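K.L.:
Enclosed is the structure file coords-v6.tsv (TSV, N, CA and C atoms).
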```tsv
chain	number	residue	atom	x	y	z
B	988	MET	N	-69.50	45.49	-10.85
B	988	MET	CA	-69.03	44.40	-10.03
B	988	MET	C	-67.52	44.48	-9.95
B	989	ASN	N	-66.97	44.08	-8.81
B	989	ASN	CA	-65.55	44.17	-8.54
B	989	ASN	C	-64.82	43.05	-9.30
B	990	THR	N	-63.69	43.40	-9.97
B	990	THR	CA	-62.96	42.40	-10.75
B	990	THR	C	-62.30	41.37	-9.86
B	991	GLU	N	-61.96	41.76	-8.63
B	991	GLU	CA	-61.32	40.82	-7.73
B	991	GLU	C	-62.25	39.67	-7.41
B	992	LEU	N	-63.51	39.94	-7.25
B	992	LEU	CA	-64.47	38.90	-6.91
B	992	LEU	C	-64.81	38.05	-8.12
B	993	ARG	N	-64.81	38.65	-9.33
B	993	ARG	CA	-65.16	37.92	-10.52
B	993	ARG	C	-64.10	36.86	-10.85
B	994	CYS	N	-62.83	37.16	-10.72
B	994	CYS	CA	-61.76	36.25	-11.08
B	994	CYS	C	-61.46	35.25	-9.96
B	995	GLY	N	-61.80	35.58	-8.77
B	995	GLY	CA	-61.53	34.70	-7.65
B	995	GLY	C	-60.12	34.89	-7.11
B	996	ILE	N	-59.32	35.76	-7.71
B	996	ILE	CA	-57.95	35.99	-7.26
B	996	ILE	C	-57.77	37.49	-7.08
B	997	SER	N	-57.26	37.87	-5.95
B	997	SER	CA	-57.08	39.29	-5.71
B	997	SER	C	-55.74	39.75	-6.25
B	998	ARG	N	-55.67	41.03	-6.53
B	998	ARG	CA	-54.44	41.62	-7.04
B	998	ARG	C	-53.33	41.53	-5.99
B	999	ASN	N	-53.67	41.69	-4.72
B	999	ASN	CA	-52.68	41.59	-3.64
B	999	ASN	C	-52.10	40.18	-3.55
B	1000	TRP	N	-52.93	39.19	-3.77
B	1000	TRP	CA	-52.45	37.80	-3.72
B	1000	TRP	C	-51.45	37.54	-4.85
B	1001	VAL	N	-51.74	38.02	-6.05
B	1001	VAL	CA	-50.85	37.85	-7.19
B	1001	VAL	C	-49.52	38.55	-6.92
B	1002	LEU	N	-49.55	39.74	-6.37
B	1002	LEU	CA	-48.32	40.46	-6.06
B	1002	LEU	C	-47.52	39.73	-4.98
B	1003	ALA	N	-48.19	39.19	-3.99
B	1003	ALA	CA	-47.50	38.46	-2.92
B	1003	ALA	C	-46.84	37.19	-3.47
B	1004	CYS	N	-47.52	36.48	-4.33
B	1004	CYS	CA	-46.96	35.26	-4.92
B	1004	CYS	C	-45.78	35.60	-5.82
B	1005	SER	N	-45.88	36.66	-6.59
B	1005	SER	CA	-44.78	37.08	-7.47
B	1005	SER	C	-43.56	37.46	-6.65
B	1006	ALA	N	-43.76	38.19	-5.57
B	1006	ALA	CA	-42.66	38.60	-4.72
B	1006	ALA	C	-41.99	37.37	-4.08
B	1007	ALA	N	-42.79	36.41	-3.65
B	1007	ALA	CA	-42.26	35.20	-3.05
B	1007	ALA	C	-41.45	34.40	-4.08
B	1008	PHE	N	-41.91	34.35	-5.31
B	1008	PHE	CA	-41.20	33.64	-6.37
B	1008	PHE	C	-39.86	34.30	-6.66
B	1009	VAL	N	-39.85	35.61	-6.81
B	1009	VAL	CA	-38.62	36.34	-7.09
B	1009	VAL	C	-37.63	36.16	-5.94
B	1010	LEU	N	-38.11	36.20	-4.72
B	1010	LEU	CA	-37.24	36.02	-3.56
B	1010	LEU	C	-36.65	34.61	-3.53
B	1011	SER	N	-37.44	33.61	-3.82
B	1011	SER	CA	-36.94	32.23	-3.79
B	1011	SER	C	-35.93	31.99	-4.91
B	1012	VAL	N	-36.14	32.58	-6.08
B	1012	VAL	CA	-35.18	32.44	-7.18
B	1012	VAL	C	-33.87	33.14	-6.83
B	1013	SER	N	-33.96	34.31	-6.23
B	1013	SER	CA	-32.73	35.03	-5.91
B	1013	SER	C	-31.95	34.32	-4.80
B	1014	VAL	N	-32.63	33.69	-3.86
B	1014	VAL	CA	-31.95	32.95	-2.81
B	1014	VAL	C	-31.29	31.70	-3.39
B	1015	ALA	N	-31.97	31.03	-4.31
B	1015	ALA	CA	-31.42	29.83	-4.92
B	1015	ALA	C	-30.22	30.17	-5.80
B	1016	ALA	N	-30.21	31.31	-6.41
B	1016	ALA	CA	-29.12	31.69	-7.31
B	1016	ALA	C	-27.93	32.26	-6.56
B	1017	THR	N	-28.08	32.58	-5.29
B	1017	THR	CA	-26.98	33.13	-4.51
B	1017	THR	C	-26.01	32.01	-4.15
B	1018	PRO	N	-24.73	32.16	-4.47
B	1018	PRO	CA	-23.78	31.09	-4.14
B	1018	PRO	C	-23.60	30.97	-2.63
B	1019	ALA	N	-23.35	29.74	-2.20
B	1019	ALA	CA	-23.12	29.48	-0.77
B	1019	ALA	C	-21.79	30.10	-0.37
B	1020	PRO	N	-21.68	30.53	0.87
B	1020	PRO	CA	-20.40	31.09	1.30
B	1020	PRO	C	-19.32	30.01	1.27
B	1021	SER	N	-18.14	30.37	0.82
B	1021	SER	CA	-17.05	29.40	0.74
B	1021	SER	C	-16.44	29.20	2.12
B	1022	PRO	N	-15.94	27.99	2.39
B	1022	PRO	CA	-15.33	27.74	3.70
B	1022	PRO	C	-14.04	28.55	3.82
B	1023	PRO	N	-13.64	28.85	5.03
B	1023	PRO	CA	-12.42	29.62	5.22
B	1023	PRO	C	-11.22	28.88	4.64
B	1024	GLN	N	-10.34	29.61	3.99
B	1024	GLN	CA	-9.16	29.02	3.37
B	1024	GLN	C	-8.05	28.87	4.40
B	1025	SER	N	-7.43	27.70	4.42
B	1025	SER	CA	-6.31	27.50	5.32
B	1025	SER	C	-5.03	27.85	4.59
B	1026	SER	N	-3.97	28.04	5.34
B	1026	SER	CA	-2.70	28.40	4.73
B	1026	SER	C	-2.06	27.21	4.02
B	1027	LYS	N	-2.43	25.96	4.44
B	1027	LYS	CA	-1.88	24.77	3.80
B	1027	LYS	C	-2.81	24.33	2.68
B	1028	PRO	N	-2.26	23.94	1.52
B	1028	PRO	CA	-3.13	23.42	0.46
B	1028	PRO	C	-3.70	22.07	0.88
B	1029	VAL	N	-4.91	21.79	0.50
B	1029	VAL	CA	-5.57	20.54	0.85
B	1029	VAL	C	-5.31	19.55	-0.27
B	1030	ASP	N	-4.69	18.43	0.07
B	1030	ASP	CA	-4.41	17.39	-0.91
B	1030	ASP	C	-5.48	16.32	-0.75
B	1031	ALA	N	-6.31	16.16	-1.77
B	1031	ALA	CA	-7.40	15.20	-1.69
B	1031	ALA	C	-6.87	13.77	-1.68
B	1032	ARG	N	-5.69	13.55	-2.23
B	1032	ARG	CA	-5.12	12.22	-2.28
B	1032	ARG	C	-4.01	12.11	-1.24
B	1033	LYS	N	-4.20	11.23	-0.30
B	1033	LYS	CA	-3.17	10.98	0.71
B	1033	LYS	C	-2.20	9.95	0.14
B	1034	ASP	N	-0.91	10.23	0.27
B	1034	ASP	CA	0.09	9.29	-0.23
B	1034	ASP	C	0.17	8.09	0.69
B	1035	TYR	N	0.23	6.92	0.09
B	1035	TYR	CA	0.37	5.69	0.84
B	1035	TYR	C	1.03	4.64	-0.05
B	1036	ALA	N	1.56	3.63	0.56
B	1036	ALA	CA	2.08	2.46	-0.13
B	1036	ALA	C	1.12	1.31	0.15
B	1037	LEU	N	1.18	0.27	-0.65
B	1037	LEU	CA	0.29	-0.86	-0.49
B	1037	LEU	C	1.10	-2.14	-0.40
B	1038	ILE	N	0.87	-2.87	0.67
B	1038	ILE	CA	1.45	-4.22	0.79
B	1038	ILE	C	0.33	-5.19	0.43
B	1039	TYR	N	0.56	-5.93	-0.65
B	1039	TYR	CA	-0.44	-6.86	-1.17
B	1039	TYR	C	0.17	-8.25	-1.15
B	1040	GLY	N	-0.51	-9.19	-0.54
B	1040	GLY	CA	0.09	-10.51	-0.42
B	1040	GLY	C	-0.87	-11.66	-0.59
B	1041	THR	N	-0.28	-12.84	-0.71
B	1041	THR	CA	-1.04	-14.08	-0.81
B	1041	THR	C	-0.42	-15.09	0.14
B	1042	VAL	N	-1.28	-15.81	0.85
B	1042	VAL	CA	-0.83	-16.88	1.74
B	1042	VAL	C	-0.97	-18.19	0.97
B	1043	TRP	N	0.14	-18.94	0.90
B	1043	TRP	CA	0.18	-20.21	0.17
B	1043	TRP	C	0.34	-21.35	1.15
B	1044	GLY	N	-0.40	-22.44	0.93
B	1044	GLY	CA	-0.29	-23.63	1.77
B	1044	GLY	C	0.88	-24.48	1.33
B	1045	SER	N	1.10	-25.58	2.04
B	1045	SER	CA	2.21	-26.49	1.70
B	1045	SER	C	1.98	-27.16	0.35
B	1046	ASP	N	0.72	-27.19	-0.10
B	1046	ASP	CA	0.39	-27.77	-1.41
B	1046	ASP	C	0.39	-26.71	-2.53
B	1047	ASN	N	0.93	-25.53	-2.22
B	1047	ASN	CA	1.01	-24.41	-3.17
B	1047	ASN	C	-0.36	-23.93	-3.66
B	1048	ARG	N	-1.34	-24.02	-2.78
B	1048	ARG	CA	-2.66	-23.47	-3.06
B	1048	ARG	C	-2.92	-22.33	-2.09
B	1049	PRO	N	-3.70	-21.32	-2.51
B	1049	PRO	CA	-4.01	-20.20	-1.60
B	1049	PRO	C	-4.79	-20.69	-0.38
B	1050	VAL	N	-4.51	-20.08	0.75
B	1050	VAL	CA	-5.16	-20.47	2.01
B	1050	VAL	C	-5.97	-19.28	2.54
B	1051	ALA	N	-7.25	-19.51	2.76
B	1051	ALA	CA	-8.15	-18.47	3.28
B	1051	ALA	C	-8.18	-18.50	4.80
B	1052	GLY	N	-8.49	-17.34	5.39
B	1052	GLY	CA	-8.72	-17.26	6.83
B	1052	GLY	C	-7.48	-17.26	7.70
B	1053	VAL	N	-6.33	-16.95	7.14
B	1053	VAL	CA	-5.10	-16.93	7.92
B	1053	VAL	C	-4.92	-15.53	8.52
B	1054	PRO	N	-4.77	-15.44	9.85
B	1054	PRO	CA	-4.52	-14.13	10.46
B	1054	PRO	C	-3.14	-13.61	10.06
B	1055	ILE	N	-3.09	-12.35	9.66
B	1055	ILE	CA	-1.86	-11.71	9.23
B	1055	ILE	C	-1.61	-10.50	10.12
B	1056	SER	N	-0.38	-10.31	10.55
B	1056	SER	CA	-0.02	-9.10	11.29
B	1056	SER	C	1.11	-8.40	10.54
B	1057	ILE	N	1.04	-7.07	10.53
B	1057	ILE	CA	2.06	-6.26	9.87
B	1057	ILE	C	2.57	-5.24	10.88
B	1058	ARG	N	3.88	-5.12	10.96
B	1058	ARG	CA	4.49	-4.14	11.86
B	1058	ARG	C	5.72	-3.55	11.18
B	1059	ARG	N	6.10	-2.39	11.65
B	1059	ARG	CA	7.37	-1.81	11.21
B	1059	ARG	C	8.48	-2.68	11.76
B	1060	ALA	N	9.56	-2.83	11.01
B	1060	ALA	CA	10.66	-3.68	11.46
B	1060	ALA	C	11.26	-3.17	12.76
B	1061	SER	N	11.18	-1.88	12.99
B	1061	SER	CA	11.73	-1.29	14.21
B	1061	SER	C	10.80	-1.45	15.42
B	1062	ASP	N	9.56	-1.86	15.22
B	1062	ASP	CA	8.60	-2.03	16.31
B	1062	ASP	C	8.51	-3.48	16.74
B	1063	LYS	N	8.06	-3.68	17.98
B	1063	LYS	CA	7.86	-5.04	18.47
B	1063	LYS	C	6.41	-5.50	18.31
B	1064	LYS	N	5.48	-4.54	18.43
B	1064	LYS	CA	4.06	-4.87	18.33
B	1064	LYS	C	3.56	-4.62	16.91
B	1065	SER	N	2.60	-5.44	16.49
B	1065	SER	CA	2.03	-5.23	15.16
B	1065	SER	C	1.12	-4.01	15.16
B	1066	LYS	N	1.11	-3.34	14.05
B	1066	LYS	CA	0.29	-2.14	13.91
B	1066	LYS	C	-1.01	-2.46	13.17
B	1067	TRP	N	-0.98	-3.46	12.28
B	1067	TRP	CA	-2.15	-3.82	11.50
B	1067	TRP	C	-2.41	-5.32	11.63
B	1068	GLU	N	-3.67	-5.67	11.80
B	1068	GLU	CA	-4.11	-7.07	11.89
B	1068	GLU	C	-5.17	-7.28	10.82
B	1069	LEU	N	-5.03	-8.31	10.02
B	1069	LEU	CA	-6.01	-8.61	8.99
B	1069	LEU	C	-6.05	-10.11	8.75
B	1070	VAL	N	-6.93	-10.56	7.87
B	1070	VAL	CA	-7.12	-11.98	7.60
B	1070	VAL	C	-7.15	-12.18	6.10
B	1071	SER	N	-6.50	-13.25	5.63
B	1071	SER	CA	-6.51	-13.53	4.19
B	1071	SER	C	-7.93	-13.87	3.74
B	1072	ASP	N	-8.29	-13.41	2.56
B	1072	ASP	CA	-9.65	-13.63	2.05
B	1072	ASP	C	-9.78	-15.03	1.43
B	1073	ARG	N	-10.89	-15.29	0.77
B	1073	ARG	CA	-11.14	-16.64	0.25
B	1073	ARG	C	-10.16	-17.04	-0.86
B	1074	SER	N	-9.46	-16.06	-1.41
B	1074	SER	CA	-8.42	-16.35	-2.41
B	1074	SER	C	-7.03	-16.37	-1.79
B	1075	GLY	N	-6.97	-16.30	-0.46
B	1075	GLY	CA	-5.70	-16.30	0.24
B	1075	GLY	C	-4.98	-14.96	0.20
B	1076	GLU	N	-5.68	-13.91	-0.26
B	1076	GLU	CA	-5.05	-12.61	-0.45
B	1076	GLU	C	-5.37	-11.64	0.68
B	1077	PHE	N	-4.48	-10.67	0.85
B	1077	PHE	CA	-4.69	-9.60	1.82
B	1077	PHE	C	-4.01	-8.34	1.28
B	1078	ALA	N	-4.44	-7.19	1.75
B	1078	ALA	CA	-3.85	-5.92	1.33
B	1078	ALA	C	-3.96	-4.94	2.49
B	1079	GLN	N	-2.90	-4.15	2.65
B	1079	GLN	CA	-2.88	-3.14	3.71
B	1079	GLN	C	-2.18	-1.90	3.22
B	1080	ARG	N	-2.82	-0.74	3.41
B	1080	ARG	CA	-2.18	0.54	3.13
B	1080	ARG	C	-1.25	0.88	4.29
B	1081	VAL	N	-0.05	1.34	3.94
B	1081	VAL	CA	0.92	1.79	4.94
B	1081	VAL	C	1.42	3.16	4.52
B	1082	PRO	N	1.97	3.94	5.44
B	1082	PRO	CA	2.45	5.28	5.08
B	1082	PRO	C	3.53	5.22	4.01
B	1083	ALA	N	3.50	6.17	3.09
B	1083	ALA	CA	4.53	6.25	2.05
B	1083	ALA	C	5.84	6.69	2.69
B	1084	GLY	N	6.94	6.28	2.10
B	1084	GLY	CA	8.25	6.65	2.62
B	1084	GLY	C	9.09	5.42	2.90
B	1085	ALA	N	10.37	5.61	2.98
B	1085	ALA	CA	11.30	4.51	3.18
B	1085	ALA	C	11.09	3.85	4.54
B	1086	GLN	N	10.76	2.56	4.52
B	1086	GLN	CA	10.49	1.83	5.76
B	1086	GLN	C	10.48	0.34	5.45
B	1087	ASP	N	10.93	-0.46	6.40
B	1087	ASP	CA	10.85	-1.92	6.31
B	1087	ASP	C	9.68	-2.39	7.17
B	1088	TYR	N	8.94	-3.37	6.68
B	1088	TYR	CA	7.80	-3.94	7.40
B	1088	TYR	C	7.97	-5.45	7.49
B	1089	ILE	N	7.50	-6.01	8.59
B	1089	ILE	CA	7.49	-7.45	8.78
B	1089	ILE	C	6.04	-7.91	8.64
B	1090	VAL	N	5.79	-8.82	7.69
B	1090	VAL	CA	4.46	-9.39	7.46
B	1090	VAL	C	4.53	-10.83	7.95
B	1091	GLN	N	3.68	-11.16	8.92
B	1091	GLN	CA	3.76	-12.47	9.57
B	1091	GLN	C	2.40	-13.16	9.56
B	1092	ALA	N	2.43	-14.47	9.27
B	1092	ALA	CA	1.23	-15.29	9.36
B	1092	ALA	C	1.15	-15.82	10.79
B	1093	ASN	N	0.05	-15.54	11.46
B	1093	ASN	CA	-0.12	-15.97	12.86
B	1093	ASN	C	-0.77	-17.35	12.90
B	1094	VAL	N	0.05	-18.35	12.65
B	1094	VAL	CA	-0.41	-19.74	12.66
B	1094	VAL	C	0.40	-20.52	13.68
B	1095	LYS	N	-0.14	-21.66	14.11
B	1095	LYS	CA	0.58	-22.51	15.05
B	1095	LYS	C	1.74	-23.18	14.31
B	1096	THR	N	2.87	-23.22	14.98
B	1096	THR	CA	4.05	-23.88	14.41
B	1096	THR	C	4.58	-24.89	15.42
B	1097	ALA	N	5.47	-25.74	14.93
B	1097	ALA	CA	6.10	-26.72	15.82
B	1097	ALA	C	6.94	-25.97	16.85
B	1098	LYS	N	7.10	-26.60	18.00
B	1098	LYS	CA	7.85	-25.95	19.08
B	1098	LYS	C	9.25	-25.56	18.60
B	1099	GLY	N	9.61	-24.31	18.85
B	1099	GLY	CA	10.91	-23.81	18.46
B	1099	GLY	C	10.99	-23.29	17.03
B	1100	GLN	N	9.95	-23.51	16.24
B	1100	GLN	CA	9.93	-23.05	14.84
B	1100	GLN	C	9.33	-21.64	14.77
B	1101	PRO	N	9.93	-20.75	13.98
B	1101	PRO	CA	9.37	-19.39	13.86
B	1101	PRO	C	8.11	-19.40	12.99
B	1102	LYS	N	7.28	-18.40	13.21
B	1102	LYS	CA	6.09	-18.25	12.38
B	1102	LYS	C	6.52	-17.76	11.00
B	1103	PRO	N	5.81	-18.17	9.95
B	1103	PRO	CA	6.18	-17.73	8.61
B	1103	PRO	C	6.05	-16.20	8.49
B	1104	GLU	N	7.10	-15.58	7.98
B	1104	GLU	CA	7.07	-14.13	7.82
B	1104	GLU	C	7.95	-13.73	6.65
B	1105	VAL	N	7.74	-12.50	6.21
B	1105	VAL	CA	8.52	-11.94	5.12
B	1105	VAL	C	8.76	-10.46	5.43
B	1106	THR	N	9.92	-9.96	5.06
B	1106	THR	CA	10.25	-8.55	5.23
B	1106	THR	C	9.98	-7.83	3.91
B	1107	VAL	N	9.30	-6.70	4.01
B	1107	VAL	CA	8.95	-5.90	2.84
B	1107	VAL	C	9.59	-4.53	2.98
B	1108	HIS	N	10.30	-4.09	1.95
B	1108	HIS	CA	10.89	-2.75	1.97
B	1108	HIS	C	10.05	-1.83	1.08
B	1109	ILE	N	9.61	-0.72	1.65
B	1109	ILE	CA	8.85	0.30	0.92
B	1109	ILE	C	9.75	1.51	0.76
B	1110	ASP	N	9.83	2.05	-0.46
B	1110	ASP	CA	10.61	3.26	-0.71
B	1110	ASP	C	9.75	4.51	-0.74
B	1111	ASN	N	8.59	4.42	-1.34
B	1111	ASN	CA	7.74	5.60	-1.52
B	1111	ASN	C	6.28	5.17	-1.55
B	1112	ASP	N	5.48	5.79	-2.41
B	1112	ASP	CA	4.06	5.42	-2.54
B	1112	ASP	C	3.94	4.39	-3.66
B	1113	GLU	N	4.15	3.13	-3.30
B	1113	GLU	CA	4.21	2.05	-4.27
B	1113	GLU	C	3.46	0.83	-3.76
B	1114	ARG	N	3.34	-0.16	-4.62
B	1114	ARG	CA	2.71	-1.42	-4.25
B	1114	ARG	C	3.80	-2.49	-4.24
B	1115	ARG	N	3.82	-3.28	-3.17
B	1115	ARG	CA	4.74	-4.40	-3.08
B	1115	ARG	C	3.92	-5.68	-2.90
B	1116	ASP	N	4.19	-6.65	-3.76
B	1116	ASP	CA	3.50	-7.94	-3.69
B	1116	ASP	C	4.40	-8.94	-2.98
B	1117	VAL	N	3.80	-9.68	-2.05
B	1117	VAL	CA	4.56	-10.65	-1.28
B	1117	VAL	C	3.79	-11.96	-1.21
B	1118	GLY	N	4.50	-13.02	-0.92
B	1118	GLY	CA	3.89	-14.33	-0.72
B	1118	GLY	C	4.40	-14.92	0.59
B	1119	ILE	N	3.49	-15.46	1.37
B	1119	ILE	CA	3.86	-16.15	2.61
B	1119	ILE	C	3.53	-17.62	2.41
B	1120	HIS	N	4.55	-18.46	2.57
B	1120	HIS	CA	4.38	-19.89	2.34
B	1120	HIS	C	4.34	-20.62	3.69
B	1121	LEU	N	3.26	-21.37	3.89
B	1121	LEU	CA	3.09	-22.14	5.12
B	1121	LEU	C	3.65	-23.52	4.91
B	1122	SER	N	4.26	-24.08	5.94
B	1122	SER	CA	4.76	-25.45	5.85
B	1122	SER	C	3.81	-26.36	6.60
B	1123	LYS	N	4.03	-27.66	6.48
B	1123	LYS	CA	3.13	-28.64	7.10
B	1123	LYS	C	3.19	-28.58	8.59
```
Output the structure of this file as structure tokens.

P.N.:
Amino acid sequence: MNTELRCGISRNWVLACSAAFVLSVSVAATPAPSPPQSSKPVDARKDYALIYGTVWGSDNRPVAGVPISIRRASDKKSKWELVSDRSGEFAQRVPAGAQDYIVQANVKTAKGQPKPEVTVHIDNDERRDVGIHLSK
């Protein structure tokens, strides 16, 4: 009697499975091709400064939901628009480097009165904390 029929598995099938296993292991062990290298080094960390602030009401309590605009002092239009959170706080990343920024609370004021604002000077990649105080 033929041994292939007695065992239920043919010798060719065993060889085919073994070859497939060896091929799959060798493919899995082969390292992926590396991406092309650029001439500039890749910096995973982008340098930035952080303007972190709190909006204070006339009663010296934090005020939530106040629209805030931030612009470079040399610009007329705001570059960043955000809103103070439930703790009256806001934060915005700005480019690192020497620059002055105007942080303004966009609230209604009495006729002829300026909107509350503060000027922030950034030297490098640092954090600057500011407070904007609203009047009655």

K.L.:
What does the structure give for the distance between atom C of Gly1040 of chain B and atom C of Pro1103 of chain B, in Å to one decimal?

P.N.:
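If I compute the distance from atom C of Gly1040 of chain B to atom C of Pro1103 of chain B, I get 12.3 Å.
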
K.L.:
Would you work out the distance separating atom C of Ala1085 of chain B from atom N of Arg1115 of chain B, expressed in Å to one decimal?

P.N.:
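For atom C of Ala1085 of chain B relative to atom N of Arg1115 of chain B, the distance reads 12.8 Å.
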
K.L.:
Can you tell me which residues surround Ile1038 of chain B at a distance of at most 7 Å, considering all atoms listed in the file, apart from same-chain residues fewer than 5 positions away, and format the answer as a list in words?

P.N.:
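That gives Phe1077, Ala1078, Gln1079, Arg1080, Val1081, Glu1113, Arg1114, Arg1115, Asp1116 and Val1117 of chain B.
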
K.L.:
Mind pulling up the distance from atom CA of Arg1073 of chain B to atom CA of Val1053 of chain B?

P.N.:
9.8 Å

K.L.:
Using all atoms listed in the file, which of B:Val1050, B:Leu1037, B:His1108, B:Gln1100 sits nearest Ser1074 of chain B?

P.N.:
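Going through B:Val1050, B:Leu1037, B:His1108, B:Gln1100 one by one, the smallest distance to Ser1074 of chain B is for B:Val1050.
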
K.L.:
Nearest residue to Ile1109 of chain B out of B:Val1090, B:Asp1062, B:Val1070, B:Ala1083, using only N, CA and C atoms?

P.N.:
B:Ala1083

K.L.:
In terms of the shortest atom-to-atom distance over all atoms listed in the file, which of B:Lys1102, B:Asp1110, B:Glu1076, B:Asn1093 is closest to Ala1051 of chain B?

P.N.:
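Looking at the shortest contact to Ala1051 of chain B, the residue is B:Glu1076.
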
K.L.:
Residues near segment 1041-1046 of chain B, anyone? I mean within 6 Å using only C-alpha atoms, not counting same-chain ones fewer than 4 positions away, as number ranges by chain.

P.N.:
B: 1050, 1075-1076, 1118-1123
